[in-house]
Structures are given as C-alpha cells and as structure tokens.
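Some notes on the structure that comes next.
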Amino acid sequence: MKLAQRLGTFFGMGGDRSARPPQYVAIADGLIVTDTHAEAWFVLDSSNTDLMSEAARDAEHDQAASALARTLAGYECHLRVLWAPLHAEEYQEEAETLFTAGHYREWAALKVQRLDSLALPARHLMLGIRLTERTGQAKAAGRTAQDTLGIGSTSISRRELGRLDAMVRRMARRLEPTPWRAQPATVDMLSWMIAREQRRETPLPAPTTAGITGAKLAQLTRGRILPYPDHLRILDVDGQPTAWVSVLVMSGFPEQMDTPGAGEWLRTVSEITYMPELADDLDQELDDDTPFELPVSPEPSVRFKVLPKKDALKRVEDARRLAKEQRQSAAKHSAEEAGRDIEETEDAMAELAREMKREDVTLVEDHPRLIVTSTASLEDLRARIDAVITHYGGFGIEVAVAEEEQRELWLEAQPGDRLRVADLGHIREVAALAGSWWWGGAKVGDDEGPIAGYLTGSTPGVFRNDVTAGSERGDATTTAFIGRSGRGKTTSMMLSLLDAAFRGAFVLALDFKGDLGGVVAAGRRYGLNAHLVETGTKFAGVADLFHLLTDEGAERAQIEVPAQLGIAVPPHLRARGAETPIQHATNAVIAKGDPATWKVVEKLRASTDDELARETGEALYELSLTGIGAPFMGRPTGAVPLQPDPGIWVMQIPGLTLPGVDDSREDWGVSQRLSVALMHSLLAYGITTAGRKDLRGLRKVVAVPEVHVLTATREGSSFLNYIARVGRALSTALVVDTQDPESLALLTGVVEQLTTVVGFQLTTASQQDALAQLLGLTAGRHARALIQAVGVERDGEIRHGHSIIRDRRFSAATVQWDVPSMELLELLSTTPRPDDAAGPSLAKEEVRA
C-alpha cells in the first residue's frame, strides 16, 4: 500500500470512501451492469403482518431467516425501501380501461381529486445482489484513463448479457418461494430507481428489448448534487435547489429487541410523522383537510452480507478469545477483578458458538442508513430528521446525521455502488435482521381495479376492490359486508355497486330494508342507467315472471307462475285442488300469446264452468290489489319493469314478512304468503338472468343487503347457495351484507365462495368469533378486541366506514372506505332524515384526509 493511500485511510479518506461513483453500462430486466460488476435486482412483495396471528408471524419470520441464511449466504446484498408519491392523474388514464358506462370520466376525476388531497405514498421494496465481477482493478484503472481521454467504451456483448440474465433467473427461482416472493425488477422500475435520485421531472426512457444502454442510460444519471457537511442539495438545470437530502446512520442498537415492537426497526419507518411548520400568514385558515402531521417517509438503505457458517464461527471465536485475553489481563493487573462487560461478552460468545454449531444460526454484517428528503426547505428537512431521531430513540436505537460523510454515504446508497463506510456496521444474528420485518406492514385488496378507500395500518396505500373480477380470475365471486347497524357497511356496499355499474355490469339489488335508494340517485347523477322499483300498486306488474323470464326462461315461467300463484292462494282453496285450474289457466294464456300473470288471474275469474277456478281467481284478484301482491300479479300501471340491461336496478321491498325455516306452510298468514310469492319472482329472476346464455359475457352483480332476511327461509338459502356456487361460471358476483355472521356461516355454499369479507364492528362475543373465522383471524380474545375496536375513535366516537378486510389471498388489514365528496355522501345517505346528525358524522370521517 502506498504511503499516501495509508495516510488517506488513517484519516478516513481512503479505501472505498474515495472510490469513483458507479459507471453504468447497461440496464435490463432484473439486472444492473456497471463497468466493474453486475447486480441482480428484485422487487419484493409486502406481507400483511398487522393482523397476523403470533403463530403465523413466527412461521414467516423463521422462513425469512432461513432464506437469508441459505439463499443469500456469501452474497453482498443491498436492500432499499423506497417511497413514491401516488400520481393520482394516472387513475384518470386507468379509468379508460376500467370503466365503460355512464359519466365515468367525471367519476374518475372525482376520485383523482380525492387522491390528490390524501397524498398517499406507495412503498417499493428492492433487493440487489452482487452477482459477479466484470473486471479486475487493473482493467478498471485502465478504463478510468480511457474515460479521461474520452475514448472509453460502455458497450456490453449480447453473450455476456445473456449469461448474466440466466444468473438472474436462477436467483429469482431461489427467491420466489421466500416470504418476499421476489420477482426480477423491470427495466422501468430500475430506471426510475436510478433516475429519481436526481429528482428530475423528465420521463423515464422507453425500454428496448435489449434493455437500456448508451445515451439513454447516460440520461438517467444526469443531475447535479451539491454536498454539505450535514446534507446534500439537489439542483435543477438553473442551479436552484429542488430537494434537500440527509443521510442518517444507525450507530447503536440495544442488545435485545422484541417483535412485535422495537425489533421491527425497518418496518416502522412508515409510522414516522412530524409536525410541519405552517407559514406565518394571518389570512391562512385551517379547515378539516389541513394536515397537522405528515409522514416523514425515510428511505432505508441497508448493505449486508450473510456470513457463511465457517466465517461466522471464526468471528465469534475471535471475539470470545479476545474477551478471554482481556479478562486474564485484567485478572493480573486489576486486583483479579475483570470488568463485568468482558465476562458477559466471553460467556455470550461461547453460548453463541454452541448455538451456531447445534442449530441453524449464522451471522450477518449489515450497514443500515436512513435517507431523509424534503422538497420544501432545509428547515423542513431538519424537522423531519428530528422526528426520525426521536422515533428511534424511543426504541433505544441511536440515529445521527453522518457529519462530513454525506457524499460518501449518499453514493453508497446508489444501486450499483459499494460499501464505502465500513466502520459504521453491525454484526448480529440473521434472525435479528429478519426480525426488522422490512417487508411487513399492511396490504390488502385487488392488484388492479377501482380504488375504494385507503389502508389504515402501518403501511399507507390505496385499497382497490372490484366485486366483478372474480370470474375473470377464475376465482370465487362472493363479497360479504358484515357488522353492526350504522357503521357504514351499506354505504360501502353502494360504493362497490357504483364501481361495478361503471364497469358496465348489470346490478340487481334486493333491498329488504329500503335504504338503497341513494345508489340510484348517485347513479343517475353520474349518468348511469339506474332505476328504483318499489312495492305497491304504483309498480304493479314490474315483477311479473312472464316479463322477467323472457327468451330462455319462457318455458320455465310455465312452471314458476303456477307455483308462485299456488303460494299466494288461500290454504282452503289450495286444499281443494286450486293448483289444477291455475295450471290450466296458465297454459291457456301462454297458448294465446303475450302472456302475463294478471291475465292468468282474469282467466280464472272468467271461468263459468269451474267454481273452484272462479273462486281462486277472485281471491287472487283481491290480493293483486295489495302493495305486496301487485308487483308480481297486478295489471301493469306503466312503471318500468326489471330488465337485464347494464345499470343499477334496485328492487325495494321493505316490510316483507317471511316465515321461518321451521314454520309450517299451513300456518302462514296472508302477508307471509304474499311475501314468499313476491320473493319467488325475484329469486327466479336472479337465477335465470345469471344463467342466460345471451348474457354470459355481461358482468352481473346480485346484491342482497340484510341477507339474514333470506337465510331465514329455505328458498332464500337455496338461492344464495346457488348464486354463490355458479357465480364464477356465469360471470355473476354475489354481494351481501348482514348483521349476523353466525347465520351466514351456516351457508356452506356461500362461505366456500367468499372472495372478500368486509368486517365492521360487532360487540357480542359469539358474533365476533364468527366474524373472526370468516376474516381468517384466529378466534379468541385478541380477535374479539380487534373487532370491538374497529370503527371506533380514541374518544369513543363512531368512525364510519372503517373495517377489517380479508381479500382473496386471505390477507387481512384495516381499511377506510372513502366517499370522495360531500355531494356523493349526501346522495348515498341511508338515513330517512338527510339532515340528521348521522350524516355530518359520516361526512367528517370520510372526507377528511
């Protein structure tokens, strides 16, 4: 080593600290190639740990520690946690592929405006692995001279690129079964990761089949960074600062840390917030949307290397031997009293060596840094830094600004660079690094589709929900909203139905409670084909099976109509054989053409040679004049009948009196008979519409709020089980809401086909346990406490729309359903008094950021 280099190292300026920045040669899917080496880069998946059971957490932690110890042992790795602002305007572009009906652009613009106000960041987990060296130091030095003379070359052969790509694919296969479910990062992602360090607003270069090289690659690193002792300033083309960045080092950790808790020091970066300083403007007025706390979103950069077992044992033995020598020396020169720390170190190293030999335990050397950024001002940056230091100080973790080494540490964090400041690292067990849970947090919902709300767990993000997507995935198609009354489950269901209608679906809602009228008003406001059909003489004939069961269902109507009228007819007439004249009249009406149920009744009334037929007709006619009988057997009054056209069709039938499962048919009263007969129309229509061949390509949704009304009857239970089981094949989604998860859990066909479960607050232990099972949570005291607390503010006020959601992957997390505007909130109000206090209470929760 030359004298100058030795002196530089002594003063902290030599070695890798003074190495030149990475010189990028090529970028391809999963691959970054510099002039000295090649790195594989992977996108890691987030795991949902917020509501995970203790046993599941332990199992996943063990899998992660095993993957570190086995798959990554000996490799130099670089972990990055990056935050990207959600570009809400992209949702406007996405709407062109998502929605087809109504004023969907206006609907999407409403969501975009709301997302802009929320300003939710998105987390990206990246893992780089150094694969191979490309050149020796001599060649690198020669290339430096060539670059200085302007004659260097940054080309890479196809053969080398193909060999490196094969290495990436092999590593991907090894990492895919890990809890991180690693996938090779795309060219776009890698380009963004490199270019974002300059905070430039120019678009990313379009990837080519061979990746990115040459001039396009040079554009990614074109920027100006000005280092200061405690921060860096990123400048634009005019030399004006656009961002202030500071790199923090994590210099000290407690000897022991628990998880959940302080041990999750990488996951908790998403929980750090700070109080921004507001401008001193007397005219500034604060409203409910003014954020008093903002996320800091520091970005961890951790370079680590899992030591092979042999090297790890050697380090442990060296540490034990050194402690032993210090103890013996102290015994000779300090009145035979060795320091307690020395004795504890010797014992700890001896115990660790035994564990490493006996169990699958190895060590990792890691160098954690935290990169804090502000685009506002230097003062804002320092406020963020203080928040980070305070946050980790509460865990006993020492965090400090790296004075006079900002440039070196910033370069060290760049993909394709190297470890530059080696004296700020830590050696710990692999299990301790895995316990940082960098991939943990909150994640739930569909990967694509309408945005319906946002996550409220430890990781921010949007919640996507598409109730019609199950058939396209070849998956289950049933969604259940479960919880107490007044917690926002019906409003959440209506938001889902609106999104489905904008996707061009036929939405049929059977409204037993009478509070879904708002979804029709909202649908019409945004240009959807939306209709409200009510019971009563005003809507006579709208549920006539002859009109509902057209085309393919016409033959079925010949059987269903007599069965329906047989339910409605008084018991004494049925006992005398009224079914026979009803069937005879039905056949005659069909043969004459243009059949209708009211014509069957008139045919029976006009019978002159059959007294039983005439009495049956008179009885049915009188019943057809009632509010419940008119919709299925009354003479039409001109109201729009139910039609299988795309849009929202709400059949509002409050006040039905349905018999219980154990009630004898002979004991049914008039109201019960008519209620069952009307339900017969709607269920037959729902089943037939779902199965029509000419509608197979149409998205269809059958929504049943207050589903316990149906589960109490044999016909209703059979209908629900049928729609749930055939939904995937018939492109029909079943959406239900209920206050009684216990009765829902008894419907095996429905439970087996659940793709999404939305759980709101429940207060009874038995109901909480039933909901916990449907949510995939371990029933018990912990799950009951979660369900009891969801939807409740700290001060005890109701938090409408807050729920626990289990998605198709059986992941569960807390989500806030979001109504994007006050106007829409008022339209969707489920209270009969729009000016009631419940409305503003929901508005306050849903509209604020």
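Chain identifiers are assigned as A, B, and so on, following the order in which chains appear in the structure tokens; residues are numbered from 1 within each chain, and ligands are numbered from 1 in order of appearance.
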
Which polymer residues have any atom within 9 Å of an atom of Leu161 of chain A, counting only C-alpha atoms, with same-chain residues fewer than 3 positions away left out, as number ranges by chain? A: 26, 28, 33, 156-158, 164-166, 210

Could you write out, as a PyMOL selection string, all the residues of segment 664-773 of chain A that DSSP marks as strand (DSSP E or B)? chain A and resi 700-704+732-738+754-759

Would you export the selected residues with all heavy atoms as a compact mmCIF listing (two decimals), in the first residue's frame, please?
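Result saved to result-v1.txt:
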```txt
# COMPACT_ATOMS: atom_id res chain seq x y z
N LYS A 700 -72.33 -9.33 -14.12
CA LYS A 700 -73.60 -9.30 -13.39
C LYS A 700 -73.32 -9.32 -11.89
O LYS A 700 -72.42 -10.02 -11.42
CB LYS A 700 -74.48 -10.49 -13.78
CG LYS A 700 -74.89 -10.48 -15.25
CD LYS A 700 -75.68 -11.71 -15.62
CE LYS A 700 -74.82 -12.96 -15.71
NZ LYS A 700 -73.85 -12.91 -16.82
N VAL A 701 -74.10 -8.55 -11.16
CA VAL A 701 -73.97 -8.48 -9.70
C VAL A 701 -75.36 -8.62 -9.09
O VAL A 701 -76.28 -7.90 -9.48
CB VAL A 701 -73.34 -7.15 -9.25
CG1 VAL A 701 -73.25 -7.11 -7.71
CG2 VAL A 701 -71.96 -6.96 -9.85
N VAL A 702 -75.50 -9.54 -8.17
CA VAL A 702 -76.73 -9.66 -7.38
C VAL A 702 -76.38 -9.25 -5.95
O VAL A 702 -75.55 -9.88 -5.30
CB VAL A 702 -77.28 -11.10 -7.40
CG1 VAL A 702 -78.50 -11.21 -6.50
CG2 VAL A 702 -77.63 -11.51 -8.82
N ALA A 703 -76.98 -8.16 -5.48
CA ALA A 703 -76.68 -7.61 -4.16
C ALA A 703 -77.87 -7.84 -3.24
O ALA A 703 -79.02 -7.55 -3.61
CB ALA A 703 -76.36 -6.12 -4.25
N VAL A 704 -77.58 -8.35 -2.04
CA VAL A 704 -78.64 -8.63 -1.07
C VAL A 704 -78.25 -8.03 0.27
O VAL A 704 -77.56 -8.67 1.07
CB VAL A 704 -78.89 -10.14 -0.92
CG1 VAL A 704 -80.10 -10.39 -0.03
CG2 VAL A 704 -79.08 -10.80 -2.28
N THR A 732 -71.30 -13.93 -12.56
CA THR A 732 -72.23 -13.28 -11.65
C THR A 732 -71.63 -13.20 -10.27
O THR A 732 -71.24 -14.22 -9.68
CB THR A 732 -73.56 -14.06 -11.58
OG1 THR A 732 -74.12 -14.14 -12.89
CG2 THR A 732 -74.54 -13.36 -10.66
N ALA A 733 -71.52 -11.99 -9.74
CA ALA A 733 -70.99 -11.78 -8.41
C ALA A 733 -72.15 -11.65 -7.43
O ALA A 733 -73.17 -11.03 -7.73
CB ALA A 733 -70.13 -10.52 -8.36
N LEU A 734 -71.98 -12.25 -6.26
CA LEU A 734 -72.96 -12.12 -5.18
C LEU A 734 -72.38 -11.21 -4.12
O LEU A 734 -71.26 -11.43 -3.63
CB LEU A 734 -73.28 -13.50 -4.59
CG LEU A 734 -74.21 -13.50 -3.36
CD1 LEU A 734 -75.59 -12.96 -3.74
CD2 LEU A 734 -74.32 -14.91 -2.78
N VAL A 735 -73.12 -10.16 -3.78
CA VAL A 735 -72.69 -9.20 -2.75
C VAL A 735 -73.77 -9.17 -1.68
O VAL A 735 -74.93 -8.90 -1.97
CB VAL A 735 -72.48 -7.79 -3.34
CG1 VAL A 735 -72.02 -6.82 -2.26
CG2 VAL A 735 -71.47 -7.84 -4.47
N VAL A 736 -73.37 -9.45 -0.44
CA VAL A 736 -74.35 -9.50 0.65
C VAL A 736 -73.86 -8.64 1.81
O VAL A 736 -72.66 -8.40 1.97
CB VAL A 736 -74.58 -10.95 1.14
CG1 VAL A 736 -75.08 -11.82 0.00
CG2 VAL A 736 -73.30 -11.55 1.73
N ASP A 737 -74.81 -8.17 2.60
CA ASP A 737 -74.44 -7.56 3.88
C ASP A 737 -75.39 -8.08 4.95
O ASP A 737 -76.54 -8.43 4.67
CB ASP A 737 -74.39 -6.03 3.80
CG ASP A 737 -75.71 -5.33 4.09
OD1 ASP A 737 -76.50 -5.81 4.91
OD2 ASP A 737 -75.95 -4.27 3.50
N THR A 738 -74.88 -8.19 6.15
CA THR A 738 -75.66 -8.77 7.24
C THR A 738 -75.11 -8.30 8.57
O THR A 738 -73.94 -7.91 8.69
CB THR A 738 -75.63 -10.31 7.18
OG1 THR A 738 -76.45 -10.84 8.23
CG2 THR A 738 -74.21 -10.83 7.36
N LEU A 754 -66.53 -17.27 -0.79
CA LEU A 754 -66.19 -15.91 -0.39
C LEU A 754 -64.83 -15.52 -0.96
O LEU A 754 -63.84 -16.22 -0.76
CB LEU A 754 -66.17 -15.79 1.13
CG LEU A 754 -67.52 -15.71 1.85
CD1 LEU A 754 -67.33 -15.76 3.35
CD2 LEU A 754 -68.27 -14.45 1.45
N THR A 755 -64.79 -14.41 -1.66
CA THR A 755 -63.52 -13.87 -2.14
C THR A 755 -63.06 -12.68 -1.30
O THR A 755 -61.88 -12.46 -1.11
CB THR A 755 -63.63 -13.45 -3.61
OG1 THR A 755 -62.36 -12.96 -4.06
CG2 THR A 755 -64.67 -12.37 -3.82
N THR A 756 -64.02 -11.92 -0.77
CA THR A 756 -63.69 -10.76 0.07
C THR A 756 -64.69 -10.69 1.23
O THR A 756 -65.89 -10.85 1.03
CB THR A 756 -63.76 -9.45 -0.74
OG1 THR A 756 -62.87 -9.54 -1.86
CG2 THR A 756 -63.36 -8.26 0.12
N VAL A 757 -64.17 -10.46 2.42
CA VAL A 757 -65.00 -10.29 3.61
C VAL A 757 -64.67 -8.93 4.21
O VAL A 757 -63.50 -8.63 4.47
CB VAL A 757 -64.77 -11.40 4.65
CG1 VAL A 757 -65.64 -11.17 5.87
CG2 VAL A 757 -65.07 -12.76 4.05
N VAL A 758 -65.68 -8.11 4.41
CA VAL A 758 -65.51 -6.78 4.99
C VAL A 758 -66.18 -6.79 6.36
O VAL A 758 -67.40 -6.92 6.45
CB VAL A 758 -66.14 -5.70 4.10
CG1 VAL A 758 -65.87 -4.32 4.69
CG2 VAL A 758 -65.61 -5.80 2.68
N GLY A 759 -65.37 -6.69 7.41
CA GLY A 759 -65.88 -6.79 8.76
C GLY A 759 -65.91 -5.45 9.47
O GLY A 759 -64.88 -4.78 9.57
```

A:Val815, A:Leu419, A:Leu720, A:Leu455: which is nearest Ser18 of chain A, counting only C-alpha atoms? A:Leu419

Interatomic distance (Å, one decimal) between atom CA of Arg80 of chain A and atom CA of Gln92 of chain A: 29.6 Å

Give me the residues within 12 Å of Arg696 of chain A as a count of residues only, counting only C-alpha atoms and dropping any in the same chain fewer than 5 places off. 15

Residue with the minimum atom-to-atom distance to Arg806 of chain A, picked from A:Ile427, A:Ala563, A:Met171, A:Ile482 with only C-alpha atoms counted, is A:Ile482

Using only C-alpha atoms, determine which residues lie at most 10 Å from Ala109 of chain A, disregarding the query and same-chain residues fewer than 4 positions distant; provide the list as a PyMOL selection string. chain A and resi 88-89+91-93+95+104-105+113-115

His584 of chain A: which residues within 12 Å, counting only C-alpha atoms, same-chain residues fewer than 3 positions away excluded, as a PyMOL selection string? chain A and resi 558-559+561-562+578-581+587-591+600-601+603-604+607+610+613

Output N, CA and C atoms of each residue in that selection to a file, as an mmCIF file, in the first residue's frame.
```
data_model
loop_
_atom_site.group_PDB
_atom_site.id
_atom_site.type_symbol
_atom_site.label_atom_id
_atom_site.label_comp_id
_atom_site.auth_asym_id
_atom_site.auth_seq_id
_atom_site.Cartn_x
_atom_site.Cartn_y
_atom_site.Cartn_z
ATOM 1 N N GLN A 558 -93.711 -21.210 -17.355
ATOM 2 C CA GLN A 558 -94.898 -22.074 -17.383
ATOM 3 C C GLN A 558 -95.005 -22.908 -16.106
ATOM 4 N N ILE A 559 -93.876 -23.119 -15.439
ATOM 5 C CA ILE A 559 -93.881 -23.868 -14.186
ATOM 6 C C ILE A 559 -93.824 -22.926 -12.986
ATOM 7 N N VAL A 561 -94.830 -19.681 -12.658
ATOM 8 C CA VAL A 561 -96.009 -18.855 -12.382
ATOM 9 C C VAL A 561 -97.072 -19.630 -11.605
ATOM 10 N N PRO A 562 -97.437 -20.836 -12.018
ATOM 11 C CA PRO A 562 -98.399 -21.585 -11.199
ATOM 12 C C PRO A 562 -97.894 -21.855 -9.787
ATOM 13 N N ALA A 578 -106.682 -26.133 -5.924
ATOM 14 C CA ALA A 578 -106.644 -24.939 -6.758
ATOM 15 C C ALA A 578 -105.473 -24.953 -7.736
ATOM 16 N N GLU A 579 -104.413 -25.758 -7.463
ATOM 17 C CA GLU A 579 -103.260 -25.767 -8.364
ATOM 18 C C GLU A 579 -103.645 -26.201 -9.771
ATOM 19 N N THR A 580 -104.634 -27.095 -9.865
ATOM 20 C CA THR A 580 -105.014 -27.610 -11.196
ATOM 21 C C THR A 580 -105.626 -26.523 -12.080
ATOM 22 N N PRO A 581 -106.650 -25.795 -11.647
ATOM 23 C CA PRO A 581 -107.180 -24.722 -12.511
ATOM 24 C C PRO A 581 -106.155 -23.609 -12.759
ATOM 25 N N ASN A 587 -101.592 -22.347 -18.914
ATOM 26 C CA ASN A 587 -101.353 -22.935 -20.232
ATOM 27 C C ASN A 587 -102.186 -22.240 -21.309
ATOM 28 N N ALA A 588 -103.416 -21.885 -20.960
ATOM 29 C CA ALA A 588 -104.292 -21.228 -21.931
ATOM 30 C C ALA A 588 -103.777 -19.832 -22.269
ATOM 31 N N VAL A 589 -103.305 -19.109 -21.297
ATOM 32 C CA VAL A 589 -102.784 -17.755 -21.525
ATOM 33 C C VAL A 589 -101.522 -17.815 -22.379
ATOM 34 N N ILE A 590 -100.663 -18.791 -22.115
ATOM 35 C CA ILE A 590 -99.430 -18.926 -22.905
ATOM 36 C C ILE A 590 -99.769 -19.266 -24.349
ATOM 37 N N ALA A 591 -100.733 -20.148 -24.541
ATOM 38 C CA ALA A 591 -101.113 -20.549 -25.889
ATOM 39 C C ALA A 591 -101.689 -19.383 -26.683
ATOM 40 N N VAL A 600 -103.652 -14.496 -16.277
ATOM 41 C CA VAL A 600 -103.999 -15.784 -15.683
ATOM 42 C C VAL A 600 -105.084 -15.588 -14.630
ATOM 43 N N VAL A 601 -104.922 -14.545 -13.806
ATOM 44 C CA VAL A 601 -105.924 -14.262 -12.780
ATOM 45 C C VAL A 601 -107.272 -13.950 -13.427
ATOM 46 N N LYS A 603 -108.309 -14.929 -16.354
ATOM 47 C CA LYS A 603 -108.794 -16.168 -16.954
ATOM 48 C C LYS A 603 -109.519 -17.014 -15.920
ATOM 49 N N LEU A 604 -108.942 -17.050 -14.715
ATOM 50 C CA LEU A 604 -109.586 -17.815 -13.644
ATOM 51 C C LEU A 604 -110.913 -17.153 -13.238
ATOM 52 N N SER A 607 -113.915 -17.882 -15.543
ATOM 53 C CA SER A 607 -114.356 -19.269 -15.705
ATOM 54 C C SER A 607 -115.825 -19.401 -15.302
ATOM 55 N N ASP A 610 -116.269 -23.745 -13.867
ATOM 56 C CA ASP A 610 -115.451 -24.291 -12.782
ATOM 57 C C ASP A 610 -115.503 -23.307 -11.617
ATOM 58 N N ALA A 613 -112.131 -22.621 -9.900
ATOM 59 C CA ALA A 613 -111.278 -21.704 -10.655
ATOM 60 C C ALA A 613 -111.724 -20.267 -10.452
#
```

Among segment 676-843 of chain A, which ones does DSSP assign to helix (DSSP H, G or I) (computed from the backbone)? Answer as an MDAnalysis selection string. chainID A and resid 676:691 693:695 708:711 714:730 741:745 748:752 765:775 781:789 822:827 838:843
